[in-house]
file run.pdb (PDB, N, CA and C atoms)
MODEL        1
ATOM      1  N   GLU A  24     123.820 206.882   8.077
ATOM      2  CA  GLU A  24     123.071 207.697   9.011
ATOM      3  C   GLU A  24     121.873 206.913   9.523
ATOM      4  N   ALA A  25     121.417 207.309  10.688
ATOM      5  CA  ALA A  25     120.292 206.603  11.296
ATOM      6  C   ALA A  25     119.509 207.550  12.192
ATOM      7  N   LYS A  26     118.204 207.314  12.255
ATOM      8  CA  LYS A  26     117.338 208.031  13.182
ATOM      9  C   LYS A  26     116.855 207.015  14.202
ATOM     10  N   LEU A  27     117.131 207.285  15.466
ATOM     11  CA  LEU A  27     116.815 206.352  16.539
ATOM     12  C   LEU A  27     115.746 206.925  17.454
ATOM     13  N   GLN A  28     114.875 206.066  17.921
ATOM     14  CA  GLN A  28     113.890 206.433  18.942
ATOM     15  C   GLN A  28     114.556 206.213  20.299
ATOM     16  N   VAL A  29     114.699 207.271  21.077
ATOM     17  CA  VAL A  29     115.388 207.187  22.367
ATOM     18  C   VAL A  29     114.419 207.585  23.476
ATOM     19  N   ASN A  30     114.114 206.654  24.345
ATOM     20  CA  ASN A  30     113.211 206.905  25.462
ATOM     21  C   ASN A  30     113.999 207.303  26.701
ATOM     22  N   GLY A  31     113.420 208.195  27.480
ATOM     23  CA  GLY A  31     114.032 208.599  28.741
ATOM     24  C   GLY A  31     114.647 209.986  28.720
ATOM     25  N   MET A  32     114.632 210.674  27.573
ATOM     26  CA  MET A  32     115.151 212.040  27.514
ATOM     27  C   MET A  32     114.079 213.003  28.015
ATOM     28  N   HIS A  33     114.498 213.960  28.861
ATOM     29  CA  HIS A  33     113.541 214.912  29.413
ATOM     30  C   HIS A  33     113.971 216.370  29.263
ATOM     31  N   CYS A  34     115.237 216.601  28.892
ATOM     32  CA  CYS A  34     115.734 217.980  28.901
ATOM     33  C   CYS A  34     116.963 218.137  28.003
ATOM     34  N   ASP A  35     117.458 219.368  27.937
ATOM     35  CA  ASP A  35     118.655 219.656  27.149
ATOM     36  C   ASP A  35     119.871 218.900  27.674
ATOM     37  N   ASP A  36     119.945 218.716  28.992
ATOM     38  CA  ASP A  36     121.075 217.975  29.566
ATOM     39  C   ASP A  36     121.074 216.522  29.092
ATOM     40  N   CYS A  37     119.888 215.939  28.913
ATOM     41  CA  CYS A  37     119.789 214.578  28.380
ATOM     42  C   CYS A  37     120.353 214.531  26.965
ATOM     43  N   GLU A  38     119.984 215.511  26.161
ATOM     44  CA  GLU A  38     120.491 215.593  24.786
ATOM     45  C   GLU A  38     122.018 215.696  24.789
ATOM     46  N   ALA A  39     122.544 216.542  25.661
ATOM     47  CA  ALA A  39     123.992 216.732  25.750
ATOM     48  C   ALA A  39     124.693 215.449  26.199
ATOM     49  N   SER A  40     124.084 214.727  27.121
ATOM     50  CA  SER A  40     124.660 213.478  27.607
ATOM     51  C   SER A  40     124.759 212.448  26.490
ATOM     52  N   ILE A  41     123.706 212.349  25.695
ATOM     53  CA  ILE A  41     123.718 211.407  24.576
ATOM     54  C   ILE A  41     124.797 211.800  23.573
ATOM     55  N   ALA A  42     124.869 213.077  23.247
ATOM     56  CA  ALA A  42     125.879 213.542  22.292
ATOM     57  C   ALA A  42     127.283 213.240  22.810
ATOM     58  N   LYS A  43     127.520 213.488  24.085
ATOM     59  CA  LYS A  43     128.839 213.237  24.677
ATOM     60  C   LYS A  43     129.190 211.753  24.614
ATOM     61  N   GLY A  44     128.223 210.905  24.923
ATOM     62  CA  GLY A  44     128.469 209.463  24.904
ATOM     63  C   GLY A  44     128.741 208.917  23.515
ATOM     64  N   VAL A  45     128.018 209.423  22.520
ATOM     65  CA  VAL A  45     128.178 208.929  21.151
ATOM     66  C   VAL A  45     129.437 209.498  20.505
ATOM     67  N   ASN A  46     129.757 210.738  20.793
ATOM     68  CA  ASN A  46     130.900 211.387  20.149
ATOM     69  C   ASN A  46     132.248 210.755  20.488
ATOM     70  N   VAL A  47     132.328 209.946  21.528
ATOM     71  CA  VAL A  47     133.601 209.299  21.852
ATOM     72  C   VAL A  47     133.893 208.134  20.903
ATOM     73  N   LEU A  48     132.877 207.684  20.159
ATOM     74  CA  LEU A  48     133.076 206.593  19.208
ATOM     75  C   LEU A  48     133.804 207.091  17.963
ATOM     76  N   SER A  49     134.622 206.239  17.382
ATOM     77  CA  SER A  49     135.284 206.570  16.122
ATOM     78  C   SER A  49     134.260 206.590  15.001
ATOM     79  N   GLY A  50     134.438 207.494  14.058
ATOM     80  CA  GLY A  50     133.607 207.510  12.865
ATOM     81  C   GLY A  50     132.306 208.269  12.977
ATOM     82  N   ILE A  51     132.070 208.979  14.092
ATOM     83  CA  ILE A  51     130.846 209.766  14.233
ATOM     84  C   ILE A  51     131.050 211.105  13.537
ATOM     85  N   ASP A  52     130.196 211.386  12.548
ATOM     86  CA  ASP A  52     130.240 212.678  11.855
ATOM     87  C   ASP A  52     129.413 213.715  12.601
ATOM     88  N   SER A  53     128.214 213.309  13.045
ATOM     89  CA  SER A  53     127.366 214.222  13.814
ATOM     90  C   SER A  53     126.327 213.432  14.595
ATOM     91  N   ILE A  54     125.886 214.034  15.691
ATOM     92  CA  ILE A  54     124.828 213.453  16.520
ATOM     93  C   ILE A  54     123.936 214.604  16.980
ATOM     94  N   SER A  55     122.655 214.429  16.800
ATOM     95  CA  SER A  55     121.688 215.435  17.233
ATOM     96  C   SER A  55     120.554 214.720  17.942
ATOM     97  N   ALA A  56     120.406 214.987  19.228
ATOM     98  CA  ALA A  56     119.329 214.378  20.011
ATOM     99  C   ALA A  56     118.278 215.444  20.298
ATOM    100  N   ASN A  57     117.009 215.018  20.336
ATOM    101  CA  ASN A  57     115.904 215.945  20.584
ATOM    102  C   ASN A  57     114.960 215.312  21.610
ATOM    103  N   HIS A  58     114.912 215.900  22.800
ATOM    104  CA  HIS A  58     114.067 215.330  23.857
ATOM    105  C   HIS A  58     112.577 215.555  23.587
ATOM    106  N   GLU A  59     112.241 216.542  22.776
ATOM    107  CA  GLU A  59     110.826 216.833  22.525
ATOM    108  C   GLU A  59     110.137 215.743  21.708
ATOM    109  N   ASP A  60     110.864 215.138  20.766
ATOM    110  CA  ASP A  60     110.260 214.034  19.998
ATOM    111  C   ASP A  60     110.968 212.700  20.243
ATOM    112  N   SER A  61     111.855 212.673  21.230
ATOM    113  CA  SER A  61     112.550 211.444  21.659
ATOM    114  C   SER A  61     113.310 210.764  20.517
ATOM    115  N   THR A  62     114.033 211.581  19.740
ATOM    116  CA  THR A  62     114.813 211.013  18.645
ATOM    117  C   THR A  62     116.268 211.437  18.737
ATOM    118  N   ALA A  63     117.101 210.645  18.095
ATOM    119  CA  ALA A  63     118.503 210.991  17.900
ATOM    120  C   ALA A  63     118.833 210.685  16.446
ATOM    121  N   PHE A  64     119.449 211.646  15.781
ATOM    122  CA  PHE A  64     119.859 211.473  14.399
ATOM    123  C   PHE A  64     121.376 211.419  14.379
ATOM    124  N   VAL A  65     121.927 210.324  13.846
ATOM    125  CA  VAL A  65     123.366 210.102  13.869
ATOM    126  C   VAL A  65     123.882 209.890  12.447
ATOM    127  N   ARG A  66     124.911 210.644  12.089
ATOM    128  CA  ARG A  66     125.635 210.403  10.837
ATOM    129  C   ARG A  66     126.974 209.790  11.227
ATOM    130  N   PHE A  67     127.317 208.676  10.582
ATOM    131  CA  PHE A  67     128.536 207.976  10.976
ATOM    132  C   PHE A  67     129.131 207.212   9.798
ATOM    133  N   ASP A  68     130.406 206.897   9.932
ATOM    134  CA  ASP A  68     131.125 206.100   8.948
ATOM    135  C   ASP A  68     130.970 204.636   9.353
ATOM    136  N   SER A  69     130.241 203.882   8.553
ATOM    137  CA  SER A  69     129.962 202.484   8.905
ATOM    138  C   SER A  69     131.201 201.597   8.834
ATOM    139  N   ASN A  70     132.299 202.116   8.319
ATOM    140  CA  ASN A  70     133.554 201.367   8.342
ATOM    141  C   ASN A  70     134.255 201.501   9.691
ATOM    142  N   GLN A  71     133.821 202.467  10.503
ATOM    143  CA  GLN A  71     134.475 202.705  11.790
ATOM    144  C   GLN A  71     133.607 202.388  13.000
ATOM    145  N   THR A  72     132.287 202.440  12.837
ATOM    146  CA  THR A  72     131.375 202.119  13.938
ATOM    147  C   THR A  72     130.070 201.576  13.360
ATOM    148  N   ASN A  73     129.159 201.186  14.232
ATOM    149  CA  ASN A  73     127.898 200.597  13.763
ATOM    150  C   ASN A  73     126.777 200.942  14.744
ATOM    151  N   LEU A  74     125.553 200.602  14.339
ATOM    152  CA  LEU A  74     124.398 200.935  15.181
ATOM    153  C   LEU A  74     124.429 200.233  16.531
ATOM    154  N   LYS A  75     124.990 199.046  16.578
ATOM    155  CA  LYS A  75     125.076 198.324  17.852
ATOM    156  C   LYS A  75     125.925 199.110  18.849
ATOM    157  N   ASP A  76     127.068 199.625  18.394
ATOM    158  CA  ASP A  76     127.941 200.398  19.280
ATOM    159  C   ASP A  76     127.308 201.735  19.664
ATOM    160  N   ILE A  77     126.628 202.373  18.704
ATOM    161  CA  ILE A  77     125.958 203.643  18.986
ATOM    162  C   ILE A  77     124.842 203.432  20.006
ATOM    163  N   THR A  78     124.055 202.378  19.809
ATOM    164  CA  THR A  78     122.980 202.056  20.745
ATOM    165  C   THR A  78     123.544 201.803  22.136
ATOM    166  N   LYS A  79     124.635 201.053  22.225
ATOM    167  CA  LYS A  79     125.254 200.765  23.526
ATOM    168  C   LYS A  79     125.727 202.056  24.199
ATOM    169  N   ALA A  80     126.323 202.952  23.427
ATOM    170  CA  ALA A  80     126.807 204.221  23.989
ATOM    171  C   ALA A  80     125.647 205.030  24.576
ATOM    172  N   ILE A  81     124.504 205.017  23.897
ATOM    173  CA  ILE A  81     123.321 205.738  24.395
ATOM    174  C   ILE A  81     122.756 205.052  25.628
ATOM    175  N   GLU A  82     122.640 203.730  25.576
ATOM    176  CA  GLU A  82     122.078 202.992  26.708
ATOM    177  C   GLU A  82     122.995 203.024  27.923
ATOM    178  N   ASP A  83     124.308 203.116  27.705
ATOM    179  CA  ASP A  83     125.247 203.249  28.822
ATOM    180  C   ASP A  83     125.035 204.560  29.580
ATOM    181  N   ARG A  84     124.392 205.521  28.940
ATOM    182  CA  ARG A  84     124.073 206.809  29.567
ATOM    183  C   ARG A  84     122.739 206.768  30.305
ATOM    184  N   GLY A  85     122.050 205.617  30.283
ATOM    185  CA  GLY A  85     120.815 205.473  31.035
ATOM    186  C   GLY A  85     119.550 205.653  30.224
ATOM    187  N   PHE A  86     119.666 205.703  28.914
ATOM    188  CA  PHE A  86     118.503 205.859  28.051
ATOM    189  C   PHE A  86     118.178 204.543  27.368
ATOM    190  N   ILE A  87     117.000 204.462  26.789
ATOM    191  CA  ILE A  87     116.571 203.238  26.119
ATOM    192  C   ILE A  87     116.357 203.534  24.643
ATOM    193  N   VAL A  88     117.056 202.787  23.800
ATOM    194  CA  VAL A  88     116.853 202.899  22.353
ATOM    195  C   VAL A  88     115.804 201.882  21.974
ATOM    196  N   ALA A  89     114.686 202.369  21.447
ATOM    197  CA  ALA A  89     113.574 201.486  21.066
ATOM    198  C   ALA A  89     113.936 200.713  19.801
ATOM    199  N   ALA A  90     113.530 199.448  19.776
ATOM    200  CA  ALA A  90     113.776 198.612  18.591
ATOM    201  C   ALA A  90     112.958 199.130  17.437
ATOM    202  N   LYS A  91     113.530 199.033  16.255
ATOM    203  CA  LYS A  91     112.811 199.463  15.035
ATOM    204  C   LYS A  91     112.029 198.318  14.482
TER     205      LYS A  91
ENDMDL
END

call {"tool": "encode", "arguments": {"input": "run.pdb", "output": "structure tokens"}}
result
Amino acid sequence: EAKLQVNGMHCDDCEASIAKGVNVLSGIDSISANHEDSTAFVRFDSNQTNLKDITKAIEDRGFIVAAK
């Protein structure tokens, strides 16, 4: 699981877009994005996907994942 800082979210539709983009990846157990604190919490099977792929899926939707 991972908690990511995601910049560029402004509304519920942004949260839904991130969830839709991440959920297409294999091994995602859950994704919860929150525009109020600019975070996304992802539970995933690290044997099927990784943070690099999750970050790319979010950034492909037009958001920026801040480096930790």

call {"tool": "axis_aligned_box", "arguments": {"input": "run.pdb", "around": "stretch 70-73 of chain A", "padding_each_side": "6 Å", "output": "lines of an AutoDock Vina configuration file"}}
result
center_x = 130.6
center_y = 201.7
center_z = 11.5
size_x = 19.7
size_y = 14.1
size_z = 18.4

call {"tool": "select_by_dssp", "arguments": {"input": "run.pdb", "residues": "chain A", "states": "strand (DSSP E or B)", "output": "JSON, numbers by chain"}}
result
{"A": [25, 26, 27, 28, 29, 30, 51, 52, 53, 54, 55, 56, 57, 62, 63, 64, 65, 66, 67, 87, 88]}

call {"tool": "atom_distance", "arguments": {"input": "run.pdb", "atom1": "atom N of A:Ile54", "atom2": "atom N of A:Arg66"}}
result
5.0 Å

call {"tool": "select_by_dssp", "arguments": {"input": "run.pdb", "residues": "chain A", "states": "alpha helix (DSSP H)", "output": "ChimeraX atom specification"}}
result
/A:35-46,74-82

call {"tool": "atom_distance", "arguments": {"input": "run.pdb", "atom1": "atom N of A:Asn57", "atom2": "atom N of A:Lys79"}}
result
16.0 Å

call {"tool": "atom_distance", "arguments": {"input": "run.pdb", "atom1": "atom N of A:Ala39", "atom2": "atom C of A:Asp68"}}
result
21.9 Å

call {"tool": "closest_residue", "arguments": {"input": "run.pdb", "among": "A:Leu48, A:Thr72, A:Ser61, A:Thr78", "to": "A:Asn30", "atoms": "all atoms listed in the file"}}
result
A:Ser61

call {"tool": "resolve_selection", "arguments": {"input": "run.pdb", "expression": "the PyMOL selection byres (((chain A and resi 81 and name CA) around 12) and name CA)", "output": "PyMOL selection string"}}
result
chain A and resi 27-32+37-48+54+56+62-63+65+74-80+82-89

call {"tool": "write_last_selection", "arguments": {"input": "run.pdb", "atoms": "N, CA and C atoms", "output": "compact mmCIF listing (two decimals), in the coordinates of the input"}}
result
# COMPACT_ATOMS: atom_id res chain seq x y z
N LEU A 27 117.13 207.28 15.47
CA LEU A 27 116.82 206.35 16.54
C LEU A 27 115.75 206.92 17.45
N GLN A 28 114.88 206.07 17.92
CA GLN A 28 113.89 206.43 18.94
C GLN A 28 114.56 206.21 20.30
N VAL A 29 114.70 207.27 21.08
CA VAL A 29 115.39 207.19 22.37
C VAL A 29 114.42 207.58 23.48
N ASN A 30 114.11 206.65 24.34
CA ASN A 30 113.21 206.90 25.46
C ASN A 30 114.00 207.30 26.70
N GLY A 31 113.42 208.20 27.48
CA GLY A 31 114.03 208.60 28.74
C GLY A 31 114.65 209.99 28.72
N MET A 32 114.63 210.67 27.57
CA MET A 32 115.15 212.04 27.51
C MET A 32 114.08 213.00 28.02
N CYS A 37 119.89 215.94 28.91
CA CYS A 37 119.79 214.58 28.38
C CYS A 37 120.35 214.53 26.96
N GLU A 38 119.98 215.51 26.16
CA GLU A 38 120.49 215.59 24.79
C GLU A 38 122.02 215.70 24.79
N ALA A 39 122.54 216.54 25.66
CA ALA A 39 123.99 216.73 25.75
C ALA A 39 124.69 215.45 26.20
N SER A 40 124.08 214.73 27.12
CA SER A 40 124.66 213.48 27.61
C SER A 40 124.76 212.45 26.49
N ILE A 41 123.71 212.35 25.70
CA ILE A 41 123.72 211.41 24.58
C ILE A 41 124.80 211.80 23.57
N ALA A 42 124.87 213.08 23.25
CA ALA A 42 125.88 213.54 22.29
C ALA A 42 127.28 213.24 22.81
N LYS A 43 127.52 213.49 24.08
CA LYS A 43 128.84 213.24 24.68
C LYS A 43 129.19 211.75 24.61
N GLY A 44 128.22 210.90 24.92
CA GLY A 44 128.47 209.46 24.90
C GLY A 44 128.74 208.92 23.52
N VAL A 45 128.02 209.42 22.52
CA VAL A 45 128.18 208.93 21.15
C VAL A 45 129.44 209.50 20.50
N ASN A 46 129.76 210.74 20.79
CA ASN A 46 130.90 211.39 20.15
C ASN A 46 132.25 210.76 20.49
N VAL A 47 132.33 209.95 21.53
CA VAL A 47 133.60 209.30 21.85
C VAL A 47 133.89 208.13 20.90
N LEU A 48 132.88 207.68 20.16
CA LEU A 48 133.08 206.59 19.21
C LEU A 48 133.80 207.09 17.96
N ILE A 54 125.89 214.03 15.69
CA ILE A 54 124.83 213.45 16.52
C ILE A 54 123.94 214.60 16.98
N ALA A 56 120.41 214.99 19.23
CA ALA A 56 119.33 214.38 20.01
C ALA A 56 118.28 215.44 20.30
N THR A 62 114.03 211.58 19.74
CA THR A 62 114.81 211.01 18.64
C THR A 62 116.27 211.44 18.74
N ALA A 63 117.10 210.64 18.10
CA ALA A 63 118.50 210.99 17.90
C ALA A 63 118.83 210.68 16.45
N VAL A 65 121.93 210.32 13.85
CA VAL A 65 123.37 210.10 13.87
C VAL A 65 123.88 209.89 12.45
N LEU A 74 125.55 200.60 14.34
CA LEU A 74 124.40 200.94 15.18
C LEU A 74 124.43 200.23 16.53
N LYS A 75 124.99 199.05 16.58
CA LYS A 75 125.08 198.32 17.85
C LYS A 75 125.92 199.11 18.85
N ASP A 76 127.07 199.62 18.39
CA ASP A 76 127.94 200.40 19.28
C ASP A 76 127.31 201.74 19.66
N ILE A 77 126.63 202.37 18.70
CA ILE A 77 125.96 203.64 18.99
C ILE A 77 124.84 203.43 20.01
N THR A 78 124.06 202.38 19.81
CA THR A 78 122.98 202.06 20.74
C THR A 78 123.54 201.80 22.14
N LYS A 79 124.64 201.05 22.22
CA LYS A 79 125.25 200.76 23.53
C LYS A 79 125.73 202.06 24.20
N ALA A 80 126.32 202.95 23.43
CA ALA A 80 126.81 204.22 23.99
C ALA A 80 125.65 205.03 24.58
N GLU A 82 122.64 203.73 25.58
CA GLU A 82 122.08 202.99 26.71
C GLU A 82 123.00 203.02 27.92
N ASP A 83 124.31 203.12 27.70
CA ASP A 83 125.25 203.25 28.82
C ASP A 83 125.04 204.56 29.58
N ARG A 84 124.39 205.52 28.94
CA ARG A 84 124.07 206.81 29.57
C ARG A 84 122.74 206.77 30.30
N GLY A 85 122.05 205.62 30.28
CA GLY A 85 120.82 205.47 31.04
C GLY A 85 119.55 205.65 30.22
N PHE A 86 119.67 205.70 28.91
CA PHE A 86 118.50 205.86 28.05
C PHE A 86 118.18 204.54 27.37
N ILE A 87 117.00 204.46 26.79
CA ILE A 87 116.57 203.24 26.12
C ILE A 87 116.36 203.53 24.64
N VAL A 88 117.06 202.79 23.80
CA VAL A 88 116.85 202.90 22.35
C VAL A 88 115.80 201.88 21.97
N ALA A 89 114.69 202.37 21.45
CA ALA A 89 113.57 201.49 21.07
C ALA A 89 113.94 200.71 19.80
